file work.cif (mmCIF, C-alpha atoms and all ligand atoms)
data_structure
loop_
_atom_site.label_atom_id
_atom_site.label_comp_id
_atom_site.auth_asym_id
_atom_site.auth_seq_id
_atom_site.Cartn_x
_atom_site.Cartn_y
_atom_site.Cartn_z
CA MET A 137 0.00 0.00 0.00
CA ILE A 138 1.30 3.47 -0.86
CA THR A 139 1.27 5.64 2.24
CA ALA A 140 1.20 9.42 2.18
CA ALA A 141 4.79 9.40 3.46
CA THR A 142 5.96 7.13 0.61
CA LEU A 143 4.19 9.31 -1.93
CA ALA A 144 5.73 12.48 -0.47
CA LEU A 145 9.21 10.91 -0.53
CA THR A 146 8.79 9.71 -4.14
CA LEU A 147 7.70 13.18 -5.24
CA LEU A 148 10.64 14.74 -3.39
CA VAL A 149 13.16 12.42 -5.08
CA ALA A 150 11.60 13.03 -8.51
CA GLN A 151 11.94 16.79 -8.01
CA GLN A 152 15.67 16.68 -7.17
CA PRO A 153 17.89 17.87 -10.02
CA LYS A 154 19.81 14.90 -11.42
CA GLU A 155 23.55 14.89 -10.63
CA THR A 156 25.72 15.65 -13.62
CA GLU A 157 27.46 12.49 -14.76
CA LYS A 158 31.09 12.80 -15.79
CA LEU A 159 31.04 11.45 -19.33
CA ALA A 160 34.82 11.72 -19.83
CA PRO A 161 37.85 13.14 -18.05
CA TYR A 162 39.49 16.25 -19.48
CA TYR A 163 41.83 15.16 -22.26
CA PRO A 164 42.30 17.73 -25.02
CA THR A 165 42.31 16.99 -28.75
CA PRO A 166 45.60 18.13 -30.38
CA ASP A 167 45.09 21.26 -32.54
CA SER A 168 46.07 19.42 -35.76
CA VAL A 169 43.31 16.87 -35.06
CA VAL A 170 40.78 19.62 -34.21
CA GLN A 171 41.45 21.15 -37.63
CA LYS A 172 40.95 17.77 -39.32
CA MET A 173 37.68 17.14 -37.41
CA LEU A 174 36.24 20.45 -38.58
CA GLU A 175 37.41 19.87 -42.17
CA VAL A 176 36.08 16.30 -42.31
CA VAL A 177 32.68 17.40 -41.00
CA GLY A 178 32.63 20.19 -43.63
CA LEU A 179 31.92 23.04 -41.19
CA LYS A 180 30.89 26.18 -43.09
CA LYS A 181 30.72 29.88 -42.26
CA GLY A 182 27.60 30.76 -40.27
CA GLU A 183 26.72 27.15 -39.42
CA LYS A 184 25.78 26.29 -35.84
CA MET A 185 28.09 23.82 -34.15
CA VAL A 186 28.41 22.45 -30.64
CA ASP A 187 31.21 20.60 -28.87
CA LEU A 188 29.92 18.15 -26.24
CA GLY A 189 32.29 18.62 -23.29
CA SER A 190 34.37 21.51 -24.58
CA GLY A 191 37.35 21.39 -22.19
CA ASP A 192 39.60 24.41 -22.75
CA GLY A 193 37.38 25.49 -25.67
CA ARG A 194 39.89 24.77 -28.44
CA ILE A 195 37.35 23.17 -30.82
CA VAL A 196 34.82 25.97 -30.26
CA ILE A 197 37.51 28.63 -30.72
CA MET A 198 38.88 27.14 -33.95
CA ALA A 199 35.33 26.62 -35.28
CA ALA A 200 34.54 30.33 -34.77
CA LYS A 201 37.94 31.80 -35.63
CA LYS A 202 39.09 29.71 -38.62
CA PHE A 203 35.79 28.39 -39.99
CA GLY A 204 33.50 31.36 -39.22
CA ALA A 205 30.94 29.16 -37.47
CA ASP A 206 28.51 30.06 -34.70
CA ALA A 207 30.13 27.89 -32.05
CA THR A 208 28.96 26.64 -28.65
CA GLY A 209 30.68 24.45 -26.09
CA ILE A 210 29.06 22.65 -23.17
CA GLU A 211 31.32 22.19 -20.16
CA PHE A 212 30.40 21.28 -16.58
CA ASP A 213 33.84 21.77 -15.01
CA GLU A 214 33.81 25.26 -13.55
CA ALA A 215 37.54 25.98 -13.99
CA LEU A 216 37.48 24.89 -17.65
CA TYR A 217 34.27 26.85 -18.25
CA LYS A 218 35.85 30.03 -16.83
CA GLN A 219 39.19 29.52 -18.62
CA SER A 220 37.59 28.90 -22.03
CA SER A 221 35.06 31.74 -21.65
CA ALA A 222 37.90 34.15 -20.77
CA LYS A 223 39.89 33.00 -23.81
CA ILE A 224 36.90 33.55 -26.10
CA LYS A 225 36.47 37.06 -24.70
CA SER A 226 40.18 37.90 -24.98
CA LEU A 227 40.16 36.81 -28.64
CA GLY A 228 37.14 39.03 -29.32
CA LEU A 229 35.09 36.03 -30.43
CA ASP A 230 32.21 36.47 -27.98
CA LYS A 231 29.67 37.33 -30.72
CA THR A 232 30.13 33.98 -32.45
CA ALA A 233 31.42 31.69 -29.69
CA ARG A 234 30.27 30.85 -26.16
CA ILE A 235 30.55 28.17 -23.51
CA ILE A 236 27.50 26.98 -21.59
CA HIS A 237 28.33 25.97 -18.02
CA GLY A 238 26.14 22.88 -17.82
CA ASP A 239 25.46 19.22 -18.44
CA ILE A 240 25.71 17.76 -21.93
CA MET A 241 22.64 15.61 -21.19
CA VAL A 242 20.17 18.48 -20.67
CA GLN A 243 20.76 20.79 -23.64
CA ASP A 244 18.78 21.49 -26.80
CA TYR A 245 20.66 20.40 -29.95
CA SER A 246 17.74 20.64 -32.35
CA GLN A 247 19.13 23.64 -34.27
CA MET A 248 22.68 22.32 -34.70
CA ASP A 249 24.28 21.74 -38.10
CA VAL A 250 27.42 20.11 -36.69
CA ILE A 251 28.26 18.26 -33.47
CA THR A 252 31.76 17.35 -32.29
CA ILE A 253 32.28 14.62 -29.67
CA TYR A 254 35.29 13.41 -27.73
CA LEU A 255 33.82 11.31 -24.94
CA LEU A 256 34.26 7.72 -23.75
CA PRO A 257 32.62 4.84 -25.71
CA LEU A 258 29.93 4.20 -23.06
CA SER A 259 29.20 7.92 -22.89
CA ASN A 260 28.71 8.02 -26.65
CA GLU A 261 26.06 5.34 -26.14
CA LYS A 262 24.40 7.49 -23.48
CA VAL A 263 24.24 10.61 -25.65
CA ARG A 264 23.08 8.74 -28.77
CA PRO A 265 19.38 8.30 -27.85
CA MET A 266 19.16 11.98 -26.88
CA LEU A 267 20.75 13.03 -30.18
CA ASP A 268 18.48 10.60 -32.08
CA LYS A 269 15.47 12.38 -30.57
CA GLN A 270 16.71 15.92 -31.08
CA LEU A 271 18.86 16.27 -34.20
CA LYS A 272 17.33 17.66 -37.37
CA LYS A 273 17.80 15.71 -40.58
CA GLY A 274 21.19 16.38 -42.15
CA THR A 275 23.13 17.22 -38.96
CA ARG A 276 26.75 16.07 -39.29
CA VAL A 277 28.52 14.56 -36.31
CA VAL A 278 32.23 13.88 -35.95
CA ALA A 279 33.48 11.71 -33.10
CA HIS A 280 37.13 11.55 -32.07
CA ASP A 281 38.71 8.15 -31.31
CA PHE A 282 35.52 6.41 -30.12
CA GLU A 283 32.59 5.37 -32.31
CA VAL A 284 29.01 6.21 -31.54
CA GLY A 285 27.81 2.61 -31.18
CA GLY A 286 24.62 1.92 -33.12
CA TRP A 287 25.29 4.54 -35.80
CA ASN A 288 26.97 3.70 -39.12
CA PRO A 289 29.82 6.05 -39.99
CA GLU A 290 29.80 7.60 -43.48
CA LYS A 291 33.57 7.76 -43.25
CA THR A 292 36.30 6.58 -40.88
CA ILE A 293 39.56 8.50 -41.06
CA THR A 294 42.84 7.49 -39.47
CA ILE A 295 45.45 10.10 -38.65
CA GLU A 296 48.66 8.10 -38.36
CA ASP A 297 50.69 10.71 -36.47
CA ASP A 298 49.48 13.89 -34.79
CA GLY A 299 53.04 15.26 -34.71
CA GLU A 300 53.61 13.78 -31.28
CA GLY A 301 53.62 10.15 -32.39
CA ARG A 302 49.98 9.43 -31.50
CA SER A 303 47.45 8.10 -33.97
CA HIS A 304 43.79 9.16 -33.96
CA THR A 305 40.58 7.97 -35.57
CA LEU A 306 37.68 10.16 -36.65
CA PHE A 307 34.16 8.86 -37.30
CA LEU A 308 31.88 10.96 -39.48
CA TYR A 309 28.09 10.51 -39.25
CA LEU A 310 25.23 12.01 -41.23
CA ARG A 311 21.90 12.02 -39.37
C1 LIG A 401 37.96 14.23 -23.42
S1 LIG A 401 37.59 15.91 -22.93
C2 LIG A 401 37.38 16.68 -24.53
C3 LIG A 401 37.60 18.19 -24.51
C4 LIG A 401 37.44 18.86 -25.87
N1 LIG A 401 36.17 18.51 -26.47
C5 LIG A 401 38.55 18.47 -26.79
O1 LIG A 401 38.31 17.56 -27.63
O2 LIG A 401 39.66 19.02 -26.68
C6 LIG A 401 35.89 15.73 -22.32
C7 LIG A 401 35.34 16.97 -21.64
O3 LIG A 401 33.97 16.73 -21.32
C8 LIG A 401 33.66 17.34 -20.07
N2 LIG A 401 32.47 16.65 -19.53
C9 LIG A 401 32.37 15.36 -19.10
N3 LIG A 401 31.12 15.08 -18.73
C10 LIG A 401 30.38 16.20 -18.93
C11 LIG A 401 29.00 16.52 -18.76
N4 LIG A 401 28.12 15.62 -18.32
N5 LIG A 401 28.57 17.76 -19.09
C12 LIG A 401 29.46 18.69 -19.56
N6 LIG A 401 30.79 18.45 -19.74
C13 LIG A 401 31.25 17.21 -19.45
C14 LIG A 401 34.95 17.13 -19.26
O4 LIG A 401 35.03 18.03 -18.17
C15 LIG A 401 36.02 17.36 -20.33
O5 LIG A 401 36.41 18.70 -20.40
#

call {"tool": "encode", "arguments": {"input": "work.cif", "output": "structure tokens", "more": "lines below"}}
Ligand SMILES: C[S@@+](CC[C@H](N)C(=O)[O-])C[C@H]1O[C@@H](n2cnc3c(N)ncnc32)[C@H](O)[C@@H]1O
result
Amino acid sequence: MITAATLALTLLVAQQPKETEKLAPYYPTPDSVVQKMLEVVGLKKGEKMVDLGSGDGRIVIMAAKKFGADATGIEFDEALYKQSSAKIKSLGLDKTARIIHGDIMVQDYSQMDVITIYLLPLSNEKVRPMLDKQLKKGTRVVAHDFEVGGWNPEKTITIEDDGEGRSHTLFLYLR
């Protein structure tokens, strides 16, 4: 039998904001690989792009500065959010680039032309259903090093050496 106390407790738990789950540790993409990601995904001037877990903001900054995109990063780590927002401001890019201090899992991606992802394999599986629900037809997604399980890549690109002896793989998806 559901008592009033049980009901009250259930309602209370349901109302609590969900804790942000860490979908990957901070591990930046080398600049040469960032450039390749944005080229492979065909980012064009004026297009809307978002980086899921934007770290120090390097993908967002290059997307706005070199490719002329309208670029957004989502980052929950406060220090990284502040550092990347300050860099955007100091570069005078604040009209076309911004970082949202928040959780990747609770944003609206429905207007995005391009999505960049560098998260762990299991995290890619967690974001996939949300992206499946939200993305408009034709959105391009590029994932660094880890596939988005359940999606078929249009292209898989291997970068043999990033200049520091590390190889990288990029997966390009068309939704
Ligand atoms: C592997 S790093 C990639 C950074 C950047 N995208 C790059 O490629 O250089 C992943 C980033 O995602 C952030 N992150 C992890 N889980 C998150 C979440 N739930 N919401 C927002 N950011 C998150 C981490 O703090 C970290 O900065």

call {"tool": "residues_near_ligand", "arguments": {"input": "work.cif", "ligand": "ligand LIG 401 (chain A)", "cutoff": "8 Å", "atoms": "all atoms listed in the file", "output": "PyMOL selection string"}}
result
chain A and resi 156-166+170+187-195+210-213+216+237-241+252-256+280

call {"tool": "atom_distance", "arguments": {"input": "work.cif", "atom1": "CA of Ala207 in chain A", "atom2": "CA of Thr232 in chain A"}}
result
6.1 Å

call {"tool": "closest_residue", "arguments": {"input": "work.cif", "among": "A:Val186, A:Leu229, A:Lys180, A:Gly286", "to": "Lys262 in chain A", "atoms": "all atoms listed in the file"}}
result
A:Gly286

call {"tool": "residues_around", "arguments": {"input": "work.cif", "residues": "Arg311 in chain A", "least_positions_apart": "4", "cutoff": "8 Å", "atoms": "only C-alpha atoms", "output": "list in words"}}
result
Leu271, Lys272, Lys273, Gly274, Thr275, Arg276 and Val277 of chain A

call {"tool": "atom_distance", "arguments": {"input": "work.cif", "atom1": "CA of Leu308 in chain A", "atom2": "CA of Ala279 in chain A"}}
result
6.6 Å

call {"tool": "atom_distance", "arguments": {"input": "work.cif", "atom1": "CA of Ser220 in chain A", "atom2": "CA of Val242 in chain A"}}
result
20.3 Å

call {"tool": "closest_residue", "arguments": {"input": "work.cif", "among": "A:Ala233, A:Val169, A:Ala199, A:Val284", "to": "Pro257 in chain A", "atoms": "all atoms listed in the file"}}
result
A:Val284

call {"tool": "closest_residue", "arguments": {"input": "work.cif", "among": "A:Ile224, A:Ala205, A:Leu258, A:Met198", "to": "Lys172 in chain A", "atoms": "all atoms listed in the file"}}
result
A:Met198

call {"tool": "build_atoms", "arguments": {"input": "work.cif", "residues": "range 247-274 of chain A", "atoms": "N, CA and C atoms", "output": "PDB file, in the coordinates of the input"}}
result
ATOM      1  N   GLN A 247      18.801  22.683 -33.201  1.00  0.00           N
ATOM      2  CA  GLN A 247      19.130  23.640 -34.270  1.00  0.00           C
ATOM      3  C   GLN A 247      20.542  23.450 -34.828  1.00  0.00           C
ATOM      4  N   MET A 248      21.261  22.455 -34.354  1.00  0.00           N
ATOM      5  CA  MET A 248      22.680  22.320 -34.700  1.00  0.00           C
ATOM      6  C   MET A 248      22.901  21.724 -36.095  1.00  0.00           C
ATOM      7  N   ASP A 249      23.885  22.295 -36.801  1.00  0.00           N
ATOM      8  CA  ASP A 249      24.280  21.740 -38.100  1.00  0.00           C
ATOM      9  C   ASP A 249      25.388  20.698 -37.910  1.00  0.00           C
ATOM     10  N   VAL A 250      26.234  20.947 -36.904  1.00  0.00           N
ATOM     11  CA  VAL A 250      27.420  20.110 -36.690  1.00  0.00           C
ATOM     12  C   VAL A 250      27.617  19.867 -35.194  1.00  0.00           C
ATOM     13  N   ILE A 251      27.960  18.621 -34.868  1.00  0.00           N
ATOM     14  CA  ILE A 251      28.260  18.260 -33.470  1.00  0.00           C
ATOM     15  C   ILE A 251      29.645  17.617 -33.431  1.00  0.00           C
ATOM     16  N   THR A 252      30.478  18.024 -32.482  1.00  0.00           N
ATOM     17  CA  THR A 252      31.760  17.350 -32.290  1.00  0.00           C
ATOM     18  C   THR A 252      31.737  16.647 -30.926  1.00  0.00           C
ATOM     19  N   ILE A 253      32.329  15.450 -30.888  1.00  0.00           N
ATOM     20  CA  ILE A 253      32.280  14.620 -29.670  1.00  0.00           C
ATOM     21  C   ILE A 253      33.654  14.010 -29.396  1.00  0.00           C
ATOM     22  N   TYR A 254      34.132  14.193 -28.176  1.00  0.00           N
ATOM     23  CA  TYR A 254      35.290  13.410 -27.730  1.00  0.00           C
ATOM     24  C   TYR A 254      34.999  12.954 -26.300  1.00  0.00           C
ATOM     25  N   LEU A 255      34.224  11.873 -26.228  1.00  0.00           N
ATOM     26  CA  LEU A 255      33.820  11.310 -24.940  1.00  0.00           C
ATOM     27  C   LEU A 255      34.177   9.820 -24.944  1.00  0.00           C
ATOM     28  N   LEU A 256      33.934   9.148 -23.846  1.00  0.00           N
ATOM     29  CA  LEU A 256      34.260   7.720 -23.750  1.00  0.00           C
ATOM     30  C   LEU A 256      33.205   6.883 -24.503  1.00  0.00           C
ATOM     31  N   PRO A 257      33.559   5.653 -24.934  1.00  0.00           N
ATOM     32  CA  PRO A 257      32.620   4.840 -25.710  1.00  0.00           C
ATOM     33  C   PRO A 257      31.242   4.665 -25.045  1.00  0.00           C
ATOM     34  N   LEU A 258      31.226   4.383 -23.739  1.00  0.00           N
ATOM     35  CA  LEU A 258      29.930   4.200 -23.060  1.00  0.00           C
ATOM     36  C   LEU A 258      29.138   5.498 -23.015  1.00  0.00           C
ATOM     37  N   SER A 259      29.861   6.604 -22.920  1.00  0.00           N
ATOM     38  CA  SER A 259      29.200   7.920 -22.890  1.00  0.00           C
ATOM     39  C   SER A 259      28.586   8.222 -24.252  1.00  0.00           C
ATOM     40  N   ASN A 260      29.283   7.833 -25.316  1.00  0.00           N
ATOM     41  CA  ASN A 260      28.710   8.020 -26.650  1.00  0.00           C
ATOM     42  C   ASN A 260      27.374   7.274 -26.755  1.00  0.00           C
ATOM     43  N   GLU A 261      27.326   6.098 -26.122  1.00  0.00           N
ATOM     44  CA  GLU A 261      26.060   5.340 -26.140  1.00  0.00           C
ATOM     45  C   GLU A 261      24.972   6.030 -25.335  1.00  0.00           C
ATOM     46  N   LYS A 262      25.402   6.770 -24.299  1.00  0.00           N
ATOM     47  CA  LYS A 262      24.400   7.490 -23.480  1.00  0.00           C
ATOM     48  C   LYS A 262      23.860   8.708 -24.215  1.00  0.00           C
ATOM     49  N   VAL A 263      24.724   9.400 -24.968  1.00  0.00           N
ATOM     50  CA  VAL A 263      24.240  10.610 -25.650  1.00  0.00           C
ATOM     51  C   VAL A 263      23.457  10.269 -26.928  1.00  0.00           C
ATOM     52  N   ARG A 264      23.706   9.082 -27.478  1.00  0.00           N
ATOM     53  CA  ARG A 264      23.080   8.740 -28.770  1.00  0.00           C
ATOM     54  C   ARG A 264      21.552   8.833 -28.773  1.00  0.00           C
ATOM     55  N   PRO A 265      20.854   8.229 -27.798  1.00  0.00           N
ATOM     56  CA  PRO A 265      19.380   8.300 -27.850  1.00  0.00           C
ATOM     57  C   PRO A 265      18.865   9.738 -27.777  1.00  0.00           C
ATOM     58  N   MET A 266      19.563  10.565 -26.990  1.00  0.00           N
ATOM     59  CA  MET A 266      19.160  11.980 -26.880  1.00  0.00           C
ATOM     60  C   MET A 266      19.346  12.676 -28.227  1.00  0.00           C
ATOM     61  N   LEU A 267      20.494  12.411 -28.880  1.00  0.00           N
ATOM     62  CA  LEU A 267      20.750  13.030 -30.180  1.00  0.00           C
ATOM     63  C   LEU A 267      19.756  12.495 -31.222  1.00  0.00           C
ATOM     64  N   ASP A 268      19.456  11.188 -31.156  1.00  0.00           N
ATOM     65  CA  ASP A 268      18.480  10.600 -32.080  1.00  0.00           C
ATOM     66  C   ASP A 268      17.133  11.325 -31.996  1.00  0.00           C
ATOM     67  N   LYS A 269      16.756  11.696 -30.769  1.00  0.00           N
ATOM     68  CA  LYS A 269      15.470  12.380 -30.570  1.00  0.00           C
ATOM     69  C   LYS A 269      15.511  13.805 -31.084  1.00  0.00           C
ATOM     70  N   GLN A 270      16.665  14.464 -30.880  1.00  0.00           N
ATOM     71  CA  GLN A 270      16.710  15.920 -31.080  1.00  0.00           C
ATOM     72  C   GLN A 270      17.215  16.403 -32.440  1.00  0.00           C
ATOM     73  N   LEU A 271      18.173  15.682 -33.037  1.00  0.00           N
ATOM     74  CA  LEU A 271      18.860  16.270 -34.200  1.00  0.00           C
ATOM     75  C   LEU A 271      17.950  16.380 -35.406  1.00  0.00           C
ATOM     76  N   LYS A 272      18.088  17.505 -36.118  1.00  0.00           N
ATOM     77  CA  LYS A 272      17.330  17.660 -37.370  1.00  0.00           C
ATOM     78  C   LYS A 272      18.013  16.814 -38.438  1.00  0.00           C
ATOM     79  N   LYS A 273      17.251  16.526 -39.488  1.00  0.00           N
ATOM     80  CA  LYS A 273      17.800  15.710 -40.580  1.00  0.00           C
ATOM     81  C   LYS A 273      18.958  16.467 -41.236  1.00  0.00           C
ATOM     82  N   GLY A 274      20.059  15.763 -41.459  1.00  0.00           N
ATOM     83  CA  GLY A 274      21.190  16.380 -42.150  1.00  0.00           C
ATOM     84  C   GLY A 274      22.293  16.865 -41.217  1.00  0.00           C
TER      85      GLY A 274
END
